[in-house]
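Shown below: coords-v2.txt, with compact mmCIF, C-alpha atoms and all ligand atoms.
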# COMPACT_ATOMS: atom_id res chain seq x y z
CA MET A 1 -55.37 -93.62 -26.62
CA LEU A 2 -53.72 -94.81 -23.37
CA LEU A 3 -54.85 -98.34 -22.46
CA PRO A 4 -53.82 -100.65 -19.62
CA LEU A 5 -51.95 -103.70 -20.89
CA ASN A 6 -54.13 -106.82 -20.85
CA ASP A 7 -55.19 -109.62 -23.22
CA ASP A 8 -57.97 -107.54 -24.81
CA THR A 9 -55.93 -104.39 -25.35
CA ILE A 10 -53.04 -106.44 -26.74
CA MET A 11 -55.42 -107.92 -29.34
CA SER A 12 -56.77 -104.45 -30.28
CA ALA A 13 -53.24 -103.09 -30.55
CA ALA A 14 -52.13 -106.09 -32.64
CA SER A 15 -55.01 -105.56 -35.03
CA CYS A 16 -54.12 -101.84 -35.21
CA LEU A 17 -50.55 -102.80 -36.23
CA CYS A 18 -51.87 -105.21 -38.90
CA LYS A 19 -53.93 -102.37 -40.36
CA GLY A 20 -50.91 -100.08 -40.60
CA GLY A 21 -51.35 -98.26 -37.29
CA ILE A 22 -48.61 -97.28 -34.85
CA VAL A 23 -48.59 -98.52 -31.25
CA ALA A 24 -46.42 -97.62 -28.27
CA PHE A 25 -45.74 -100.65 -26.09
CA PRO A 26 -43.65 -101.61 -23.06
CA THR A 27 -40.53 -103.74 -23.25
CA GLU A 28 -38.10 -104.73 -20.50
CA THR A 29 -35.71 -101.92 -21.58
CA VAL A 30 -37.78 -98.85 -22.55
CA TYR A 31 -41.09 -98.22 -24.35
CA GLY A 32 -41.05 -98.69 -28.14
CA LEU A 33 -43.12 -97.09 -30.90
CA GLY A 34 -44.06 -99.96 -33.17
CA ALA A 35 -45.14 -100.42 -36.78
CA ASP A 36 -45.26 -103.44 -39.09
CA VAL A 37 -41.76 -103.55 -40.61
CA PHE A 38 -43.14 -104.47 -44.04
CA ASN A 39 -45.59 -101.54 -44.15
CA THR A 40 -43.59 -98.55 -45.37
CA THR A 41 -46.45 -96.08 -44.87
CA ALA A 42 -46.65 -97.05 -41.21
CA LEU A 43 -42.84 -96.83 -40.92
CA ALA A 44 -42.90 -93.34 -42.41
CA ARG A 45 -45.39 -92.32 -39.72
CA VAL A 46 -43.05 -93.55 -36.99
CA PHE A 47 -40.23 -91.35 -38.36
CA GLU A 48 -42.60 -88.41 -38.70
CA VAL A 49 -44.09 -88.71 -35.19
CA LYS A 50 -40.63 -89.02 -33.62
CA ARG A 51 -39.20 -86.32 -35.91
CA ARG A 52 -36.46 -88.84 -36.51
CA PRO A 53 -34.17 -88.44 -39.54
CA TYR A 54 -34.64 -91.18 -42.12
CA PHE A 55 -30.98 -92.17 -41.98
CA ASP A 56 -31.39 -93.49 -38.42
CA PRO A 57 -32.49 -97.14 -38.78
CA LEU A 58 -35.06 -98.93 -36.64
CA ILE A 59 -34.83 -102.14 -34.61
CA VAL A 60 -37.09 -104.98 -35.78
CA HIS A 61 -38.69 -106.77 -32.81
CA ILE A 62 -39.46 -110.46 -33.15
CA ALA A 63 -41.23 -112.97 -30.88
CA GLU A 64 -39.64 -116.18 -32.14
CA LEU A 65 -36.24 -117.01 -33.56
CA SER A 66 -37.70 -118.51 -36.76
CA THR A 67 -38.68 -114.97 -37.85
CA LEU A 68 -34.97 -114.31 -38.47
CA MET A 69 -35.44 -116.29 -41.71
CA ARG A 70 -37.70 -113.51 -43.02
CA LEU A 71 -35.20 -110.77 -42.21
CA VAL A 72 -31.62 -112.01 -42.32
CA ASP A 73 -29.47 -112.97 -45.30
CA TYR A 74 -27.54 -115.94 -43.92
CA THR A 75 -25.66 -116.33 -47.21
CA ALA A 76 -23.86 -113.07 -46.45
CA MET A 77 -22.53 -114.47 -43.15
CA ASP A 78 -19.43 -116.62 -42.72
CA ALA A 79 -19.39 -119.77 -40.56
CA GLU A 80 -17.94 -117.92 -37.58
CA ALA A 81 -20.65 -115.22 -37.67
CA ILE A 82 -23.34 -117.90 -37.86
CA ARG A 83 -21.78 -119.71 -34.89
CA ARG A 84 -21.86 -116.48 -32.86
CA LEU A 85 -25.46 -115.82 -33.85
CA LYS A 86 -26.52 -119.33 -32.79
CA LYS A 87 -24.70 -119.05 -29.50
CA LEU A 88 -26.29 -115.71 -28.63
CA ALA A 89 -29.72 -116.83 -29.85
CA ASN A 90 -29.52 -119.78 -27.43
CA THR A 91 -28.25 -117.82 -24.46
CA LEU A 92 -29.07 -114.10 -24.38
CA MET A 93 -32.25 -114.07 -26.46
CA PRO A 94 -34.92 -113.13 -25.54
CA GLY A 95 -33.31 -110.20 -23.73
CA PRO A 96 -31.97 -106.65 -23.99
CA LEU A 97 -29.71 -107.43 -26.94
CA THR A 98 -30.02 -106.12 -30.51
CA LEU A 99 -28.04 -107.83 -33.25
CA ILE A 100 -26.94 -106.16 -36.47
CA LEU A 101 -27.08 -108.73 -39.25
CA PRO A 102 -27.02 -108.70 -43.09
CA LYS A 103 -30.52 -107.98 -44.35
CA LEU A 104 -32.65 -109.69 -46.96
CA PRO A 105 -33.77 -107.43 -49.84
CA GLU A 106 -37.41 -107.82 -48.68
CA VAL A 107 -36.71 -105.73 -45.56
CA PRO A 108 -37.63 -102.16 -46.58
CA ASP A 109 -34.75 -99.68 -46.90
CA LEU A 110 -36.81 -97.25 -44.88
CA ALA A 111 -36.52 -99.54 -41.85
CA THR A 112 -32.74 -99.83 -42.16
CA GLY A 113 -31.86 -96.29 -43.19
CA GLY A 114 -30.59 -97.60 -46.51
CA LEU A 115 -27.99 -99.83 -44.82
CA LYS A 116 -27.33 -103.40 -45.96
CA THR A 117 -27.86 -104.61 -42.41
CA VAL A 118 -30.90 -104.97 -40.18
CA ALA A 119 -31.13 -104.62 -36.39
CA VAL A 120 -33.09 -107.43 -34.72
CA ARG A 121 -34.22 -107.78 -31.11
CA PHE A 122 -36.21 -110.50 -29.31
CA PRO A 123 -37.54 -108.69 -26.21
CA LYS A 124 -38.08 -110.43 -22.88
CA HIS A 125 -41.45 -108.97 -21.99
CA SER A 126 -44.61 -111.05 -22.12
CA GLY A 127 -46.83 -108.14 -23.25
CA ALA A 128 -44.46 -107.13 -26.04
CA LEU A 129 -44.13 -110.73 -27.19
CA ALA A 130 -47.91 -111.26 -27.28
CA LEU A 131 -48.32 -108.05 -29.28
CA ILE A 132 -45.67 -109.06 -31.82
CA LYS A 133 -46.97 -112.65 -32.14
CA ASN A 134 -50.55 -111.54 -32.68
CA SER A 135 -49.65 -108.90 -35.25
CA THR A 136 -47.23 -109.49 -38.12
CA GLY A 137 -44.43 -111.15 -36.15
CA ALA A 138 -41.90 -108.42 -37.05
CA VAL A 139 -42.47 -105.02 -35.49
CA ALA A 140 -40.07 -102.16 -36.19
CA ALA A 141 -39.82 -100.02 -33.07
CA PRO A 142 -37.51 -97.22 -32.03
CA SER A 143 -37.79 -95.92 -28.48
CA ALA A 144 -41.07 -93.99 -28.13
CA ASN A 145 -39.60 -90.51 -27.59
CA PRO A 146 -39.02 -87.48 -29.82
CA PHE A 147 -35.66 -87.87 -31.62
CA GLY A 148 -32.71 -86.99 -29.39
CA TYR A 149 -34.77 -86.79 -26.18
CA LEU A 150 -34.79 -89.14 -23.17
CA SER A 151 -36.24 -92.61 -23.72
CA PRO A 152 -39.53 -93.37 -21.98
CA THR A 153 -39.60 -95.86 -19.12
CA ARG A 154 -43.30 -95.33 -18.36
CA ALA A 155 -46.43 -95.00 -20.51
CA GLU A 156 -46.98 -91.49 -19.10
CA HIS A 157 -43.65 -90.38 -20.61
CA VAL A 158 -44.90 -91.50 -24.03
CA ALA A 159 -48.28 -89.86 -23.54
CA GLU A 160 -46.60 -86.56 -22.53
CA GLN A 161 -44.10 -86.58 -25.39
CA LEU A 162 -45.99 -88.08 -28.32
CA GLY A 163 -49.57 -88.04 -27.04
CA ASN A 164 -52.24 -87.95 -29.72
CA ASP A 165 -49.89 -88.74 -32.60
CA VAL A 166 -49.84 -92.41 -31.58
CA ASP A 167 -52.88 -94.65 -32.22
CA ILE A 168 -52.57 -96.71 -29.03
CA ILE A 169 -50.24 -96.51 -26.02
CA LEU A 170 -50.21 -99.74 -24.00
CA ASP A 171 -49.47 -99.07 -20.33
CA GLY A 172 -47.45 -101.93 -18.86
CA GLY A 173 -45.99 -100.00 -15.90
CA THR A 174 -42.34 -99.08 -15.40
CA SER A 175 -39.71 -100.72 -17.61
CA GLU A 176 -37.64 -103.16 -15.61
CA ILE A 177 -34.18 -102.47 -17.04
CA GLY A 178 -34.62 -98.79 -17.85
CA VAL A 179 -31.85 -98.35 -20.44
CA GLU A 180 -32.03 -99.47 -24.06
CA SER A 181 -30.71 -102.75 -25.42
CA THR A 182 -27.05 -103.35 -26.21
CA VAL A 183 -26.52 -103.05 -29.97
CA LEU A 184 -24.00 -105.67 -31.14
CA ASP A 185 -22.74 -105.71 -34.71
CA LEU A 186 -22.36 -109.29 -35.94
CA SER A 187 -22.15 -108.28 -39.58
CA SER A 188 -18.49 -107.31 -39.61
CA HIS A 189 -15.46 -109.55 -39.31
CA LEU A 190 -15.04 -108.89 -35.60
CA PRO A 191 -18.18 -108.45 -33.51
CA ARG A 192 -18.39 -105.13 -31.69
CA ILE A 193 -20.71 -103.17 -29.47
CA LEU A 194 -22.18 -100.13 -31.19
CA ARG A 195 -24.24 -99.06 -28.17
CA PRO A 196 -23.70 -100.29 -24.60
CA GLY A 197 -27.01 -101.27 -23.01
CA GLY A 198 -28.98 -103.79 -20.97
CA VAL A 199 -26.59 -106.73 -21.56
CA SER A 200 -23.02 -106.06 -20.48
CA ARG A 201 -19.93 -106.61 -22.62
CA GLU A 202 -18.75 -109.15 -20.03
CA GLU A 203 -21.93 -111.25 -20.44
CA ILE A 204 -21.60 -111.26 -24.23
CA GLU A 205 -17.89 -112.09 -24.13
CA ALA A 206 -18.63 -115.05 -21.85
CA PHE A 207 -20.52 -116.64 -24.74
CA ILE A 208 -18.73 -115.54 -27.92
CA GLY A 209 -15.28 -114.51 -26.77
CA LYS A 210 -13.47 -111.19 -26.95
CA LEU A 211 -15.19 -108.33 -28.73
CA ASP A 212 -13.50 -105.77 -30.92
CA ASP A 213 -12.35 -102.94 -28.67
CA VAL A 214 -12.62 -100.11 -31.17
CA ARG A 215 -15.33 -97.70 -30.09
CA PRO A 216 -17.34 -96.86 -33.21
CA GLU A 217 -17.03 -93.14 -32.65
CA HIS A 218 -15.80 -92.18 -36.12
CA PRO A 219 -15.46 -95.38 -38.12
CA HIS A 220 -15.95 -95.66 -41.85
CA THR A 221 -19.57 -95.92 -42.72
CA GLU A 222 -21.98 -96.50 -45.53
CA GLU A 223 -23.00 -93.72 -47.86
CA PRO A 224 -26.52 -92.82 -46.67
CA VAL A 225 -25.31 -91.73 -43.26
CA ARG A 226 -22.41 -89.65 -44.51
CA SER A 227 -24.61 -87.85 -46.99
CA PHE A 228 -26.64 -86.44 -44.13
CA ASN A 229 -23.53 -84.77 -42.76
CA ILE A 230 -23.74 -86.12 -39.23
CA GLY A 231 -20.12 -87.14 -39.07
CA GLN A 232 -18.80 -90.57 -39.80
CA CYS A 233 -20.66 -92.89 -37.57
CA LEU A 234 -21.35 -96.59 -37.92
CA SER A 235 -24.50 -96.71 -35.86
CA PRO A 236 -26.48 -93.54 -36.37
CA GLY A 237 -27.79 -93.73 -32.80
CA GLN A 238 -24.18 -93.20 -31.72
CA LEU A 239 -24.47 -89.51 -32.52
CA LYS A 240 -22.53 -87.69 -29.83
CA SER A 241 -25.56 -85.85 -28.56
CA HIS A 242 -28.52 -88.08 -27.86
CA TYR A 243 -30.78 -89.32 -25.09
CA ALA A 244 -30.62 -85.76 -23.80
CA PRO A 245 -32.71 -83.96 -21.23
CA ARG A 246 -33.58 -80.33 -22.05
CA THR A 247 -31.62 -79.13 -19.02
CA LYS A 248 -27.87 -78.64 -19.55
CA LEU A 249 -26.01 -81.57 -18.01
CA PHE A 250 -22.41 -81.62 -16.74
CA LEU A 251 -20.93 -85.09 -16.30
CA LEU A 252 -18.11 -85.23 -13.74
CA ASP A 253 -15.86 -87.79 -12.10
CA THR A 254 -16.66 -88.25 -8.41
CA ASP A 255 -13.74 -86.17 -7.10
CA PHE A 256 -14.61 -83.24 -9.39
CA LEU A 257 -18.27 -83.43 -8.45
CA CYS A 258 -17.28 -83.35 -4.79
CA LYS A 259 -15.43 -80.08 -5.35
CA GLU A 260 -18.39 -78.53 -7.13
CA ALA A 261 -19.93 -75.86 -4.87
CA TYR A 262 -23.60 -76.19 -4.03
CA LYS A 263 -26.05 -74.13 -6.08
CA ARG A 264 -29.68 -74.12 -5.04
CA ASN A 265 -31.09 -73.88 -8.55
CA CYS A 266 -29.17 -76.89 -9.89
CA ALA A 267 -29.95 -80.60 -9.70
CA TYR A 268 -27.32 -83.08 -8.44
CA LEU A 269 -27.40 -86.66 -9.65
CA PHE A 270 -25.21 -88.98 -7.57
CA PHE A 271 -24.44 -92.58 -8.35
CA ASN A 272 -24.73 -93.74 -4.74
CA THR A 273 -24.98 -92.55 -1.13
CA VAL A 274 -21.22 -92.84 -0.54
CA SER A 275 -20.44 -90.14 -3.10
CA PHE A 276 -23.34 -88.00 -1.87
CA ASP A 277 -21.89 -88.15 1.67
CA LEU A 278 -18.44 -87.22 0.38
CA TRP A 279 -19.84 -84.24 -1.50
CA LYS A 280 -21.77 -83.09 1.59
CA LYS A 281 -18.52 -82.90 3.56
CA ASN A 282 -17.19 -80.43 0.99
CA ASN A 283 -20.41 -78.46 0.86
CA PRO A 284 -21.56 -77.56 4.37
CA ARG A 285 -24.36 -75.42 2.91
CA ALA A 286 -25.77 -78.36 0.98
CA PRO A 287 -29.02 -80.01 2.06
CA LEU A 288 -28.62 -82.61 4.77
CA ASN A 289 -30.22 -85.64 3.27
CA GLY A 290 -30.70 -87.27 -0.13
CA GLY A 291 -34.41 -86.59 0.07
CA HIS A 292 -33.94 -82.89 -0.66
CA ARG A 293 -35.76 -81.94 -3.86
CA ASN A 294 -32.67 -81.12 -5.97
CA ILE A 295 -30.61 -84.13 -4.85
CA PHE A 296 -31.04 -87.36 -6.78
CA ILE A 297 -29.31 -90.67 -6.12
CA LEU A 298 -29.35 -93.37 -8.80
CA SER A 299 -28.93 -96.25 -6.38
CA HIS A 300 -28.45 -95.83 -2.63
CA ASN A 301 -26.30 -98.94 -2.31
CA GLY A 302 -24.59 -98.49 -5.70
CA ASP A 303 -26.29 -101.40 -7.45
CA LEU A 304 -25.77 -101.02 -11.21
CA ARG A 305 -29.10 -102.61 -12.20
CA ASP A 306 -30.94 -100.39 -9.79
CA ALA A 307 -29.06 -97.34 -11.05
CA ALA A 308 -29.77 -98.14 -14.74
CA SER A 309 -33.46 -98.64 -14.05
CA ASN A 310 -33.63 -95.23 -12.33
CA LEU A 311 -31.57 -93.23 -14.83
CA PHE A 312 -34.18 -92.01 -17.34
CA GLU A 313 -36.83 -91.79 -14.62
CA LYS A 314 -34.67 -89.35 -12.59
CA LEU A 315 -33.71 -87.35 -15.69
CA HIS A 316 -37.38 -87.03 -16.70
CA CYS A 317 -38.15 -85.82 -13.17
CA ILE A 318 -35.30 -83.28 -13.17
CA ASP A 319 -36.31 -81.99 -16.60
CA ALA A 320 -39.89 -81.44 -15.48
CA ALA A 321 -38.68 -79.31 -12.55
CA ALA A 322 -36.74 -76.84 -14.77
CA TYR A 323 -33.39 -76.56 -12.96
CA SER A 324 -30.66 -74.34 -14.43
CA ALA A 325 -28.28 -77.26 -14.79
CA ILE A 326 -27.67 -80.87 -13.79
CA TYR A 327 -24.40 -81.99 -12.21
CA ALA A 328 -24.16 -85.74 -12.69
CA GLU A 329 -21.61 -88.20 -11.40
CA ARG A 330 -20.07 -90.86 -13.60
CA ALA A 331 -20.97 -94.47 -12.72
CA PRO A 332 -18.23 -97.14 -12.35
CA ASP A 333 -17.14 -98.03 -15.87
CA LYS A 334 -18.09 -101.72 -15.86
CA GLY A 335 -21.16 -103.83 -16.70
CA LEU A 336 -24.33 -101.74 -16.88
CA GLY A 337 -22.28 -98.75 -15.67
CA ARG A 338 -20.98 -98.41 -19.24
CA ALA A 339 -24.53 -98.00 -20.56
CA ILE A 340 -25.28 -95.43 -17.86
CA ASN A 341 -22.11 -93.44 -18.65
CA ASP A 342 -22.80 -93.64 -22.38
CA ARG A 343 -26.27 -92.07 -21.91
CA LEU A 344 -24.92 -89.43 -19.50
CA GLU A 345 -22.07 -88.55 -21.88
CA LYS A 346 -24.52 -88.12 -24.74
CA ALA A 347 -26.80 -86.05 -22.53
CA SER A 348 -23.84 -83.82 -21.63
CA ASN A 349 -22.96 -83.19 -25.27
CA LYS A 350 -26.14 -81.30 -25.98
O1 LIG B 401 -34.07 -101.30 -25.99
C1 LIG B 401 -34.17 -100.89 -27.15
O2 LIG B 401 -33.28 -101.15 -28.02
C2 LIG B 401 -35.39 -100.04 -27.51
C3 LIG B 401 -36.65 -100.92 -27.34
C4 LIG B 401 -37.89 -100.21 -27.80
O3 LIG B 401 -36.46 -102.13 -28.00
N1 LIG B 401 -35.27 -99.53 -28.83
C5 LIG B 401 -34.41 -98.56 -29.16
O4 LIG B 401 -34.51 -98.16 -30.47
O5 LIG B 401 -33.64 -98.05 -28.38
P1 LIG B 401 -33.81 -96.86 -31.04
O6 LIG B 401 -34.32 -96.72 -32.41
O7 LIG B 401 -34.05 -95.74 -30.13
O8 LIG B 401 -32.29 -97.22 -31.10
C6 LIG B 401 -31.85 -98.14 -32.06
C7 LIG B 401 -30.37 -98.01 -32.26
C8 LIG B 401 -30.03 -96.70 -32.91
O9 LIG B 401 -28.84 -96.25 -32.29
C9 LIG B 401 -29.78 -97.10 -34.34
O10 LIG B 401 -28.92 -96.22 -35.00
C10 LIG B 401 -29.17 -98.48 -34.19
O11 LIG B 401 -29.92 -99.05 -33.13
N2 LIG B 401 -29.36 -99.29 -35.39
C11 LIG B 401 -30.52 -99.74 -35.91
N3 LIG B 401 -30.29 -100.41 -37.06
C12 LIG B 401 -28.95 -100.40 -37.26
C13 LIG B 401 -28.08 -100.92 -38.26
N4 LIG B 401 -28.55 -101.60 -39.29
N5 LIG B 401 -26.75 -100.72 -38.13
C14 LIG B 401 -26.26 -100.03 -37.08
N6 LIG B 401 -27.03 -99.51 -36.09
C15 LIG B 401 -28.35 -99.68 -36.18
MG MG B 402 -33.94 -94.12 -29.10
Since I need it in another form, could you write the structure as structure tokens?
Ligand code: TXA
Ligand code: MG
Amino acid sequence: MLLPLNDDTIMSAASCLCKGGIVAFPTETVYGLGADVFNTTALARVFEVKRRPYFDPLIVHIAELSTLMRLVDYTAMDAEAIRRLKKLANTLMPGPLTLILPKLPEVPDLATGGLKTVAVRFPKHSGALALIKNSTGAVAAPSANPFGYLSPTRAEHVAEQLGNDVDIILDGGTSEIGVESTVLDLSSHLPRILRPGGVSREEIEAFIGKLDDVRPEHPHTEEPVRSFNIGQCLSPGQLKSHYAPRTKLFLLDTDFLCKEAYKRNCAYLFFNTVSFDLWKKNNPRAPLNGGHRNIFILSHNGDLRDAASNLFEKLHCIDAAAYSAIYAERAPDKGLGRAINDRLEKASNK
């Protein structure tokens, strides 16, 4: 059932969650598919509806910091880790930041993929917060898309992809940020980013100092993940192929993209107008303006926030039009550009 987001529908959706239902709801990053984290039957439905493997853990969404007490084992954290947690809680939360922290035994293993840690996020979206507060206060929610596919930034994306399998879809319009939260591991000795996202590395480092530089591509991991033979990967969502459109995507540096000859049946995704203009010079047969149906520009003036918020929207659009391939340009590798490149790289590894 697709319902517009308002006080009444939030209360109905909250009551649905309390009864073990599953609800898709908007957040500032992307839409989530929520279930009460303490209801394992409801959690199992989320995995089933998404066709998500059980080893891939969920993020628990909270609406007040005190809920951390019900989820996190502070005794397993050293003084430095607690200091970092406090600092981030006071500065970047609520917001597009997910923290990986040691879990209390009460948090079901199903929610955490059998890991000893739990992912927690305090979203900055009034509708999401009201839903969480009025239900059980701790709502496990992966992005509301089939496993491995593009994340939804509008309620229609959820309705198209998961439709009748979800009890309620709350329509809160287009997600403001448009890429998922940054996943930051605070459970290990040195904090590190497991997934670049809505908060940049630079913003986090401004509050807690330098982060570990090692990209968690093939780090050691805990047993449950390895046993599913998906490679050694610390955060299961860091699988090399993920967030992928159905159309084959080639990710290129600007100069390579500019040398790529124009093909009518392909889609071109440029970061900004400057690179589109450059490419046009090399491709006299290419369409004259960015408004042509197979030309897509993430942000005309190259604004990273703008580009991030358009990324999944454009990819959904391209996928619906059934092009033979997508040629995409890499964004500048800084701030939100890292999250954009991460999603494009994963999409290109399909
Ligand atoms: O912005 C977001 O984060 C959205 C909205 C709905 O909040 N949620 C989201 O959830 O993107 P999902 O399930 O699509 O991605 C969660 C990521 C996955 O890569 C997962 O492997 C990782 O977080 N994750 C969850 N728990 C973890 C844990 N205990 N240790 C390491 N990684 C974890
Ligand atoms: Mg996801």
Which polymer residues have any atom within 9 Å of an atom of A:Pro123, counting only C-alpha atoms, with same-chain residues fewer than 5 positions away left out, as a list in words?
Thr27, Glu28, Thr29, His61, Ile62, Ala63, Met93, Pro94, Gly95, Pro96, Leu97, Ala128 and Leu129 of chain A
Ligand MG 402 (chain B): which residues are within 10 Å, counting all atoms listed in the file, as a ChimeraX atom specification?
/A:30-33,50,52,56,58-59,141-152,179-181,237,242-243
I want to know what sits within 12 Å of A:Pro287, based on all atoms listed in the file, with residues of the same chain fewer than 4 positions away left out; could you give that as number ranges by chain?
A: 262-264, 267-268, 276-277, 279-283, 291-296
Go through A:Arg285, A:His157, A:Arg246, A:Lys259 and flag the residue nearest A:Glu313, using all atoms listed in the file for the distances.
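Using all atoms listed in the file, A:Glu313 sits closest to A:His157.
Among the candidates A:Leu190, A:Val120, A:Leu71, A:Leu315, the residue lying nearest to A:Leu104 is A:Leu71 (atoms considered: only C-alpha atoms).
Using all atoms listed in the file, the nearest neighbour of ligand LIG 401 (chain B) within the list A:Thr40, A:Thr112, A:Ser299, A:Thr153 is A:Thr112.
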Mind listing as a ChimeraX atom specification all residues within 12 Å of (-23.6, -97.7, -16.3), counting only C-alpha atoms?
/A:177-180,182,195-201,271,298-299,302-311,329-345
Of the candidates A:Asp109, A:Asp255, A:Glu156, A:Glu260, which shows the shortest atom-to-atom distance to A:Ala44, using only C-alpha atoms?
A:Asp109
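Taking all atoms listed in the file, the non-local environment of A:Met69 within 12 Å (same-chain residues fewer than 5 positions away omitted) comprises Ile62, Glu64, Tyr74, Thr75, Leu101, Pro102, Lys103, Leu104, Glu106, Val107, Val120, Gly137 and Ala138 of chain A.
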Record the distance separating atom CA of A:Leu249 and atom CA of A:Lys346, expressed in Å with one decimal.
9.5 Å
For stretch 83-91 of chain A: contacts at 9 Å, only C-alpha atoms, fewer than 2 positions along chain excluded, given as an MDAnalysis selection string
chainID A and resid 65 78:81 93:94 99 186 191 204 207:208
